[in-house]
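Coordinates as given in query_16.pdb (PDB, C-alpha atoms, pLDDT in the B column):
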ATOM      1  CA  MET A   1     -26.442  38.600 -18.007  1.00 92.00           C
ATOM      2  CA  LYS A   2     -26.160  40.385 -21.343  1.00 96.00           C
ATOM      3  CA  LYS A   3     -22.864  38.578 -22.019  1.00 98.00           C
ATOM      4  CA  TYR A   4     -24.557  35.179 -21.737  1.00 98.00           C
ATOM      5  CA  ILE A   5     -27.440  36.229 -23.971  1.00 98.00           C
ATOM      6  CA  ASN A   6     -24.924  37.449 -26.562  1.00 99.00           C
ATOM      7  CA  ILE A   7     -23.080  34.123 -26.400  1.00 99.00           C
ATOM      8  CA  ALA A   8     -26.410  32.294 -26.815  1.00 99.00           C
ATOM      9  CA  PHE A   9     -27.169  34.479 -29.838  1.00 99.00           C
ATOM     10  CA  ILE A  10     -23.784  33.663 -31.408  1.00 99.00           C
ATOM     11  CA  TYR A  11     -24.346  29.926 -30.911  1.00 99.00           C
ATOM     12  CA  GLY A  12     -27.827  30.308 -32.414  1.00 98.00           C
ATOM     13  CA  ILE A  13     -26.379  31.958 -35.527  1.00 99.00           C
ATOM     14  CA  LEU A  14     -23.700  29.249 -35.740  1.00 98.00           C
ATOM     15  CA  GLY A  15     -26.439  26.614 -35.422  1.00 98.00           C
ATOM     16  CA  ILE A  16     -28.318  28.104 -38.356  1.00 98.00           C
ATOM     17  CA  CYS A  17     -25.090  28.244 -40.377  1.00 98.00           C
ATOM     18  CA  GLY A  18     -24.347  24.613 -39.498  1.00 97.00           C
ATOM     19  CA  GLY A  19     -27.764  23.525 -40.746  1.00 96.00           C
ATOM     20  CA  VAL A  20     -27.420  25.476 -43.981  1.00 97.00           C
ATOM     21  CA  PHE A  21     -23.908  24.109 -44.539  1.00 97.00           C
ATOM     22  CA  TYR A  22     -25.147  20.542 -44.038  1.00 95.00           C
ATOM     23  CA  ARG A  23     -27.997  20.983 -46.500  1.00 93.00           C
ATOM     24  CA  GLU A  24     -26.033  22.827 -49.168  1.00 95.00           C
ATOM     25  CA  PHE A  25     -22.793  20.825 -48.945  1.00 95.00           C
ATOM     26  CA  THR A  26     -24.538  17.453 -49.194  1.00 94.00           C
ATOM     27  CA  LYS A  27     -26.656  18.742 -52.083  1.00 93.00           C
ATOM     28  CA  PHE A  28     -23.595  20.175 -53.872  1.00 95.00           C
ATOM     29  CA  MET A  29     -21.672  16.922 -53.429  1.00 93.00           C
ATOM     30  CA  ASP A  30     -24.706  14.900 -54.587  1.00 92.00           C
ATOM     31  CA  PHE A  31     -24.570  12.960 -51.329  1.00 91.00           C
ATOM     32  CA  VAL A  32     -27.537  10.586 -51.265  1.00 82.00           C
ATOM     33  CA  ASP A  33     -26.999   8.858 -47.916  1.00 76.00           C
ATOM     34  CA  MET A  34     -27.952  11.648 -45.525  1.00 70.00           C
ATOM     35  CA  ARG A  35     -26.471   9.887 -42.486  1.00 81.00           C
ATOM     36  CA  THR A  36     -23.511  12.068 -41.668  1.00 89.00           C
ATOM     37  CA  GLN A  37     -22.198  13.953 -38.645  1.00 92.00           C
ATOM     38  CA  LEU A  38     -23.031  17.194 -40.449  1.00 93.00           C
ATOM     39  CA  ALA A  39     -26.711  16.512 -39.756  1.00 92.00           C
ATOM     40  CA  PHE A  40     -26.099  16.968 -36.032  1.00 94.00           C
ATOM     41  CA  LEU A  41     -24.075  20.189 -36.155  1.00 95.00           C
ATOM     42  CA  HIS A  42     -27.005  22.553 -35.853  1.00 95.00           C
ATOM     43  CA  VAL A  43     -28.675  20.565 -33.081  1.00 96.00           C
ATOM     44  CA  HIS A  44     -25.501  20.547 -30.983  1.00 97.00           C
ATOM     45  CA  LEU A  45     -24.972  24.263 -31.490  1.00 98.00           C
ATOM     46  CA  PHE A  46     -28.597  25.057 -30.639  1.00 98.00           C
ATOM     47  CA  VAL A  47     -28.908  22.821 -27.572  1.00 98.00           C
ATOM     48  CA  PHE A  48     -25.405  22.847 -26.080  1.00 98.00           C
ATOM     49  CA  GLY A  49     -24.712  26.408 -27.172  1.00 98.00           C
ATOM     50  CA  MET A  50     -27.781  28.597 -27.456  1.00 99.00           C
ATOM     51  CA  ILE A  51     -30.130  26.908 -24.986  1.00 99.00           C
ATOM     52  CA  MET A  52     -27.356  26.257 -22.458  1.00 99.00           C
ATOM     53  CA  PHE A  53     -26.328  29.912 -22.375  1.00 99.00           C
ATOM     54  CA  LEU A  54     -29.926  31.072 -22.187  1.00 99.00           C
ATOM     55  CA  LEU A  55     -30.144  28.897 -19.059  1.00 98.00           C
ATOM     56  CA  VAL A  56     -26.885  30.389 -17.786  1.00 99.00           C
ATOM     57  CA  ALA A  57     -28.446  33.851 -18.245  1.00 98.00           C
ATOM     58  CA  VAL A  58     -31.501  32.773 -16.235  1.00 98.00           C
ATOM     59  CA  PHE A  59     -29.303  31.430 -13.433  1.00 98.00           C
ATOM     60  CA  GLU A  60     -27.284  34.642 -13.513  1.00 98.00           C
ATOM     61  CA  LYS A  61     -30.492  36.602 -12.954  1.00 97.00           C
ATOM     62  CA  LEU A  62     -31.672  34.277 -10.170  1.00 97.00           C
ATOM     63  CA  LEU A  63     -28.426  33.402  -8.375  1.00 98.00           C
ATOM     64  CA  ASN A  64     -25.803  35.895  -9.546  1.00 97.00           C
ATOM     65  CA  ILE A  65     -23.545  33.015 -10.616  1.00 98.00           C
ATOM     66  CA  SER A  66     -20.960  35.303 -12.245  1.00 97.00           C
ATOM     67  CA  GLU A  67     -19.713  36.180  -8.744  1.00 97.00           C
ATOM     68  CA  SER A  68     -18.336  32.653  -8.375  1.00 98.00           C
ATOM     69  CA  LYS A  69     -14.593  32.218  -8.825  1.00 98.00           C
ATOM     70  CA  LYS A  70     -15.328  29.059 -10.826  1.00 98.00           C
ATOM     71  CA  MET A  71     -17.305  30.930 -13.492  1.00 98.00           C
ATOM     72  CA  LYS A  72     -14.277  31.878 -15.594  1.00 98.00           C
ATOM     73  CA  SER A  73     -13.094  28.257 -15.617  1.00 99.00           C
ATOM     74  CA  PHE A  74     -16.571  27.077 -16.592  1.00 99.00           C
ATOM     75  CA  MET A  75     -16.679  29.530 -19.492  1.00 99.00           C
ATOM     76  CA  ILE A  76     -13.256  28.465 -20.760  1.00 99.00           C
ATOM     77  CA  PHE A  77     -13.755  24.702 -20.454  1.00 99.00           C
ATOM     78  CA  TYR A  78     -17.326  24.631 -21.721  1.00 99.00           C
ATOM     79  CA  ASN A  79     -16.876  26.952 -24.700  1.00 99.00           C
ATOM     80  CA  LEU A  80     -13.567  25.405 -25.702  1.00 99.00           C
ATOM     81  CA  GLY A  81     -15.036  21.910 -25.420  1.00 98.00           C
ATOM     82  CA  LEU A  82     -18.142  22.781 -27.417  1.00 98.00           C
ATOM     83  CA  CYS A  83     -16.193  24.531 -30.165  1.00 98.00           C
ATOM     84  CA  TRP A  84     -13.691  21.659 -30.291  1.00 98.00           C
ATOM     85  CA  SER A  85     -16.453  19.032 -30.485  1.00 97.00           C
ATOM     86  CA  VAL A  86     -18.414  20.879 -33.155  1.00 97.00           C
ATOM     87  CA  ALA A  87     -15.267  21.464 -35.227  1.00 97.00           C
ATOM     88  CA  VAL A  88     -14.378  17.769 -35.113  1.00 96.00           C
ATOM     89  CA  MET A  89     -17.994  16.890 -35.922  1.00 95.00           C
ATOM     90  CA  ALA A  90     -17.824  19.168 -38.972  1.00 96.00           C
ATOM     91  CA  VAL A  91     -14.527  17.639 -40.102  1.00 95.00           C
ATOM     92  CA  ARG A  92     -15.854  14.106 -39.666  1.00 94.00           C
ATOM     93  CA  GLY A  93     -19.073  15.010 -41.512  1.00 94.00           C
ATOM     94  CA  VAL A  94     -17.172  16.483 -44.454  1.00 95.00           C
ATOM     95  CA  MET A  95     -14.955  13.391 -44.515  1.00 93.00           C
ATOM     96  CA  GLN A  96     -18.056  11.176 -44.617  1.00 91.00           C
ATOM     97  CA  VAL A  97     -19.538  13.141 -47.507  1.00 93.00           C
ATOM     98  CA  VAL A  98     -16.345  13.010 -49.579  1.00 93.00           C
ATOM     99  CA  GLY A  99     -15.883   9.310 -48.786  1.00 88.00           C
ATOM    100  CA  PHE A 100     -12.816   9.458 -46.540  1.00 85.00           C
ATOM    101  CA  ASP A 101     -12.810   7.451 -43.317  1.00 77.00           C
ATOM    102  CA  GLY A 102     -10.843   9.090 -40.522  1.00 75.00           C
ATOM    103  CA  GLY A 103     -11.085   6.044 -38.302  1.00 78.00           C
ATOM    104  CA  ALA A 104     -10.366   5.982 -34.601  1.00 84.00           C
ATOM    105  CA  ALA A 105      -8.103   9.027 -34.705  1.00 86.00           C
ATOM    106  CA  VAL A 106     -11.039  11.369 -35.296  1.00 88.00           C
ATOM    107  CA  SER A 107     -12.997   9.709 -32.489  1.00 85.00           C
ATOM    108  CA  GLY A 108     -10.087  10.181 -30.119  1.00 90.00           C
ATOM    109  CA  ILE A 109      -9.758  13.830 -31.031  1.00 93.00           C
ATOM    110  CA  ALA A 110     -13.520  14.296 -30.550  1.00 91.00           C
ATOM    111  CA  GLY A 111     -13.194  12.719 -27.120  1.00 93.00           C
ATOM    112  CA  ILE A 112     -11.012  15.618 -25.988  1.00 97.00           C
ATOM    113  CA  GLY A 113     -13.872  18.023 -26.684  1.00 97.00           C
ATOM    114  CA  HIS A 114     -16.297  15.856 -24.764  1.00 96.00           C
ATOM    115  CA  ILE A 115     -13.952  15.742 -21.776  1.00 98.00           C
ATOM    116  CA  LEU A 116     -13.682  19.546 -21.803  1.00 98.00           C
ATOM    117  CA  ILE A 117     -17.480  19.899 -21.955  1.00 98.00           C
ATOM    118  CA  THR A 118     -17.830  17.458 -19.058  1.00 98.00           C
ATOM    119  CA  VAL A 119     -15.357  19.436 -16.944  1.00 99.00           C
ATOM    120  CA  GLY A 120     -17.306  22.589 -17.800  1.00 99.00           C
ATOM    121  CA  LEU A 121     -20.620  21.008 -16.814  1.00 99.00           C
ATOM    122  CA  VAL A 122     -19.207  19.745 -13.514  1.00 99.00           C
ATOM    123  CA  LEU A 123     -17.946  23.259 -12.784  1.00 99.00           C
ATOM    124  CA  PHE A 124     -21.360  24.684 -13.672  1.00 99.00           C
ATOM    125  CA  PHE A 125     -23.127  22.352 -11.247  1.00 98.00           C
ATOM    126  CA  LEU A 126     -20.590  23.203  -8.542  1.00 98.00           C
ATOM    127  CA  ILE A 127     -21.332  26.891  -9.162  1.00 98.00           C
ATOM    128  CA  LEU A 128     -25.072  26.240  -8.882  1.00 98.00           C
ATOM    129  CA  LYS A 129     -24.545  24.340  -5.613  1.00 98.00           C
ATOM    130  CA  GLU A 130     -22.348  27.109  -4.247  1.00 97.00           C
ATOM    131  CA  LYS A 131     -24.715  29.943  -5.156  1.00 97.00           C
ATOM    132  CA  SER A 132     -27.957  28.215  -4.143  1.00 94.00           C
ATOM    133  CA  LYS A 133     -27.007  27.947  -0.456  1.00 81.00           C
TER     134      LYS A 133
END
When written as structure tokens, how does the structure in this file appear?
Amino acid sequence: MKKYINIAFIYGILGICGGVFYREFTKFMDFVDMRTQLAFLHVHLFVFGMIMFLLVAVFEKLLNISESKKMKSFMIFYNLGLCWSVAVMAVRGVMQVVGFDGGAAVSGIAGIGHILITVGLVLFFLILKEKSK
């Protein structure tokens, strides 16, 4: 359980850093139009990172989900997908601020992260089904 709380804490810190980066980078670049992917970095890190792993810790306490053989796969797919998605979101946000349009290529690359997160979530629900019997 402590491992999941530590992961939640790390995502919380990253969420704070993402929010500060958004505010300071747009201010430094004199970016007036605040509609950029950078604005969503901290929310994604807080919700999909911190809150998700706090929930994982609760389910670990209630159902002992770490005993499932699928748990390692969930951790790999979900964390890799979230980190991938947030990294692409940061790149796209910086590109928007500096005035460079990445086009469909960036969207396609972001899609890989979303697929990985989806696989992770499916695994998580399968773990919950397995352990709640």
Result set, the PyMOL selection byres ((chain A and resi 26-42) around 7) on current file, as a short mmCIF file (atom, residue, chain, number, x, y, z; two decimals) with C-alpha atoms, keeping the file's coordinate frame:
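The result, stored in out-v1.cif:
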data_model
loop_
_atom_site.label_atom_id
_atom_site.label_comp_id
_atom_site.auth_asym_id
_atom_site.auth_seq_id
_atom_site.Cartn_x
_atom_site.Cartn_y
_atom_site.Cartn_z
CA GLY A 15 -26.44 26.61 -35.42
CA ILE A 16 -28.32 28.10 -38.36
CA GLY A 18 -24.35 24.61 -39.50
CA GLY A 19 -27.76 23.52 -40.75
CA TYR A 22 -25.15 20.54 -44.04
CA ARG A 23 -28.00 20.98 -46.50
CA GLU A 24 -26.03 22.83 -49.17
CA PHE A 25 -22.79 20.82 -48.94
CA VAL A 43 -28.68 20.56 -33.08
CA HIS A 44 -25.50 20.55 -30.98
CA LEU A 45 -24.97 24.26 -31.49
CA PHE A 46 -28.60 25.06 -30.64
CA VAL A 86 -18.41 20.88 -33.16
CA MET A 89 -17.99 16.89 -35.92
CA ALA A 90 -17.82 19.17 -38.97
CA ARG A 92 -15.85 14.11 -39.67
CA GLY A 93 -19.07 15.01 -41.51
CA GLN A 96 -18.06 11.18 -44.62
CA VAL A 97 -19.54 13.14 -47.51
#
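Look at Trp84 of chain A: the protein and nucleic acid residues within 8 Å of it, using only C-alpha atoms and passing over chain neighbours fewer than 3 places away, are Leu80, Gly81, Ala87, Val88, Ala110, Ile112 and Gly113 of chain A.
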Give me the residues near Val58 of chain A as a PyMOL selection string, where near means some atom within 12 Å (using only C-alpha atoms) and where sequence neighbours in that chain fewer than 3 positions away do not count. chain A and resi 1-5+8+51-55+61-66+128
Expected file: the selected residues, C-alpha atoms, as an mmCIF file, in the frame of the given file:
data_model
loop_
_atom_site.group_PDB
_atom_site.id
_atom_site.type_symbol
_atom_site.label_atom_id
_atom_site.label_comp_id
_atom_site.auth_asym_id
_atom_site.auth_seq_id
_atom_site.Cartn_x
_atom_site.Cartn_y
_atom_site.Cartn_z
ATOM 1 C CA MET A 1 -26.442 38.600 -18.007
ATOM 2 C CA LYS A 2 -26.160 40.385 -21.343
ATOM 3 C CA LYS A 3 -22.864 38.578 -22.019
ATOM 4 C CA TYR A 4 -24.557 35.179 -21.737
ATOM 5 C CA ILE A 5 -27.440 36.229 -23.971
ATOM 6 C CA ALA A 8 -26.410 32.294 -26.815
ATOM 7 C CA ILE A 51 -30.130 26.908 -24.986
ATOM 8 C CA MET A 52 -27.356 26.257 -22.458
ATOM 9 C CA PHE A 53 -26.328 29.912 -22.375
ATOM 10 C CA LEU A 54 -29.926 31.072 -22.187
ATOM 11 C CA LEU A 55 -30.144 28.897 -19.059
ATOM 12 C CA LYS A 61 -30.492 36.602 -12.954
ATOM 13 C CA LEU A 62 -31.672 34.277 -10.170
ATOM 14 C CA LEU A 63 -28.426 33.402 -8.375
ATOM 15 C CA ASN A 64 -25.803 35.895 -9.546
ATOM 16 C CA ILE A 65 -23.545 33.015 -10.616
ATOM 17 C CA SER A 66 -20.960 35.303 -12.245
ATOM 18 C CA LEU A 128 -25.072 26.240 -8.882
#
Care to translate the PyMOL selection byres ((chain A and resi 71-75) around 8) into actual residues of this file, as a short mmCIF file (atom, residue, chain, number, x, y, z; two decimals) with C-alpha atoms, in the frame of the given file?
data_model
loop_
_atom_site.label_atom_id
_atom_site.label_comp_id
_atom_site.auth_asym_id
_atom_site.auth_seq_id
_atom_site.Cartn_x
_atom_site.Cartn_y
_atom_site.Cartn_z
CA ILE A 65 -23.54 33.02 -10.62
CA SER A 66 -20.96 35.30 -12.24
CA GLU A 67 -19.71 36.18 -8.74
CA SER A 68 -18.34 32.65 -8.38
CA LYS A 69 -14.59 32.22 -8.82
CA LYS A 70 -15.33 29.06 -10.83
CA ILE A 76 -13.26 28.46 -20.76
CA PHE A 77 -13.76 24.70 -20.45
CA TYR A 78 -17.33 24.63 -21.72
CA ASN A 79 -16.88 26.95 -24.70
CA VAL A 119 -15.36 19.44 -16.94
CA GLY A 120 -17.31 22.59 -17.80
CA LEU A 121 -20.62 21.01 -16.81
CA LEU A 123 -17.95 23.26 -12.78
CA PHE A 124 -21.36 24.68 -13.67
CA ILE A 127 -21.33 26.89 -9.16
#
Reconstructed N, CA and C atoms for segment 46-58 of chain A, given as an mmCIF file, in the coordinates of the input:
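Generated file (out-v4.cif):
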data_model
loop_
_atom_site.group_PDB
_atom_site.id
_atom_site.type_symbol
_atom_site.label_atom_id
_atom_site.label_comp_id
_atom_site.auth_asym_id
_atom_site.auth_seq_id
_atom_site.Cartn_x
_atom_site.Cartn_y
_atom_site.Cartn_z
ATOM 1 N N PHE A 46 -27.389 24.495 -31.246
ATOM 2 C CA PHE A 46 -28.597 25.057 -30.639
ATOM 3 C C PHE A 46 -28.744 24.630 -29.178
ATOM 4 N N VAL A 47 -28.643 23.328 -28.923
ATOM 5 C CA VAL A 47 -28.908 22.821 -27.572
ATOM 6 C C VAL A 47 -27.751 23.123 -26.622
ATOM 7 N N PHE A 48 -26.548 22.681 -26.983
ATOM 8 C CA PHE A 48 -25.405 22.847 -26.080
ATOM 9 C C PHE A 48 -24.853 24.266 -26.085
ATOM 10 N N GLY A 49 -25.164 25.032 -27.105
ATOM 11 C CA GLY A 49 -24.712 26.408 -27.172
ATOM 12 C C GLY A 49 -25.798 27.384 -26.783
ATOM 13 N N MET A 50 -26.764 27.570 -27.666
ATOM 14 C CA MET A 50 -27.781 28.597 -27.456
ATOM 15 C C MET A 50 -28.636 28.349 -26.215
ATOM 16 N N ILE A 51 -29.229 27.179 -26.113
ATOM 17 C CA ILE A 51 -30.130 26.908 -24.986
ATOM 18 C C ILE A 51 -29.356 26.879 -23.668
ATOM 19 N N MET A 52 -28.163 26.294 -23.684
ATOM 20 C CA MET A 52 -27.356 26.257 -22.458
ATOM 21 C C MET A 52 -27.068 27.665 -21.949
ATOM 22 N N PHE A 53 -26.676 28.569 -22.844
ATOM 23 C CA PHE A 53 -26.328 29.912 -22.375
ATOM 24 C C PHE A 53 -27.549 30.768 -22.074
ATOM 25 N N LEU A 54 -28.693 30.422 -22.638
ATOM 26 C CA LEU A 54 -29.926 31.072 -22.187
ATOM 27 C C LEU A 54 -30.232 30.646 -20.750
ATOM 28 N N LEU A 55 -29.978 29.370 -20.438
ATOM 29 C CA LEU A 55 -30.144 28.897 -19.059
ATOM 30 C C LEU A 55 -29.125 29.548 -18.122
ATOM 31 N N VAL A 56 -27.901 29.708 -18.596
ATOM 32 C CA VAL A 56 -26.885 30.389 -17.786
ATOM 33 C C VAL A 56 -27.346 31.814 -17.478
ATOM 34 N N ALA A 57 -27.940 32.488 -18.461
ATOM 35 C CA ALA A 57 -28.446 33.851 -18.245
ATOM 36 C C ALA A 57 -29.555 33.867 -17.196
ATOM 37 N N VAL A 58 -30.425 32.861 -17.234
ATOM 38 C CA VAL A 58 -31.501 32.773 -16.235
ATOM 39 C C VAL A 58 -30.910 32.575 -14.845
#
